[in-house]
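J.: The structure is given below, and queries will be raised subsequently.
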Amino acid sequence: MAQVKLDAPAGVPKPMKRDKALFLIKFLGAVIVLYVIIALNPVNDRVIVPFTQRITEVSAGLLRALGQQADVDGTLIRTERFTVDVKNGCNGIEAIILLVAAIGAFPAPPLMRVGGIVAGAVLLQLINVIRIASLVWLGAHHPSVFQMFHVAIWQTLIILVSLVLFLIWSWKFAPLKRLATSP
Amino acid sequence: MRVPYDHLLAACAEPLVRIGERPAVTRLRAEGESIIVDRSDFGPRSKRPGIPAHDLTFNVILLSTLFAAERKTFSNRNVVGFLLAVMVLFFTHVFAFVASVKSIYALQLGRWSEVHYGPIARNFWAGSAHFYRLVGIYAIAFALWWLFRPDPETVALPRSAKRKRKK
């Protein structure tokens, strides 16, 4: 197999190593900054915890809509057989942080960034509600596989969704806009 | 794979945890699904804390998935990029493990922690371990894939195409 370097389509900026490195520096920097912001006690108490409670309520609502009995107490979802406490790491904030950091680090017009972040965050939270509801159901009916789904499968899946959303956004929307704005 | 990997992780993290210890008292050993944190100055009857190694290393699944999703999964560039990324990932696992051990020392050993770790050190180690577990574990996997994946405009051509090009 021989490696052949193809020319990039006309008008599309050729990815360069410097751009790659710059993106990574911005991305990792943004991840650290966003983490520090959500780790601050006032932000955690006034934003993250109430947000997690809303996510918990919606997840319990989904379970009830599917015929399962589920009670909510703060960030706890209680069923007859199983109780889940939705904590940081299960509220989808980590996936949103990655999405925001990646979109923020990628060169694109501000409006495209805001659109990508808002649409991506809503989609991620919809999937996260399904994740929480399915984990409660698995814990109640198939406890032997709960840990595997909790740690390995769902966690990886939701992060993958976040990264795929970023890649789709960067391929489909950001380059088009960049082309349109290029002289 | 997991058991030898945990042993390797413990063996590499132990000397790093011991930096600054006078005398060097920390012993790390892989046992079951956890790496046990032992110290020669712990009481013989006191419980030894354990860190589930899988919680710190499962981002290899994310990294593998990202490389596997490349259009030419088994191309030389993709395989070499994946192997390089896994090598770097191993070092991040070692540092994540060191941060986890230090956060146990800084926060979970009661009065001993307060005496040996000041407020800045406690916040630093606790913050580092929490950052890694919450978001760093994924950010690192994504960053390594981004760094080591083949360039999108570089494709592998079959030998026949190579010959044609030479003509």
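To be explicit about the labels: the chains of the structure tokens are called A, B, and onward in the order shown, and within each one the residues are counted from 1, while ligands get numbers from 1 in the order they are shown.
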Which of region 45-77 of chain A end up as helix (DSSP H, G or I) when DSSP is run on this backbone - answer as a PyMOL selection string?

T.: chain A and resi 45-65

J.: List every residue of chain A that DSSP, applied to the backbone of this structure, places in strand (DSSP E or B), and write the result as a PyMOL selection string.

T.: chain A and resi 2-5+71-73+76-78+83-85

J.: Taking a cut-off of 8 Å and counting only C-alpha atoms, can you build a table that, for each residue of region 8-52 of chain A near region 105-116 of chain A, reports the nearest atom pair and how far apart they are in Å (one decimal), sorted by chain then residue number, as a tab-separated table?

T.:
residue	atom	partner	partner_atom	distance
A:Phe23	CA	A:Ala105	CA	5.5
A:Leu24	CA	A:Ala105	CA	7.7
A:Lys26	CA	A:Ala105	CA	5.1
A:Phe27	CA	A:Ala105	CA	5.2
A:Ala30	CA	A:Ala105	CA	7.6

J.: Find, counting only C-alpha atoms, the residue in B:Thr57, B:Gln108, B:Thr65, B:Thr26 that gets nearest to Phe90 (chain B).

T.: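 Nearest to Phe90 (chain B): B:Thr57.
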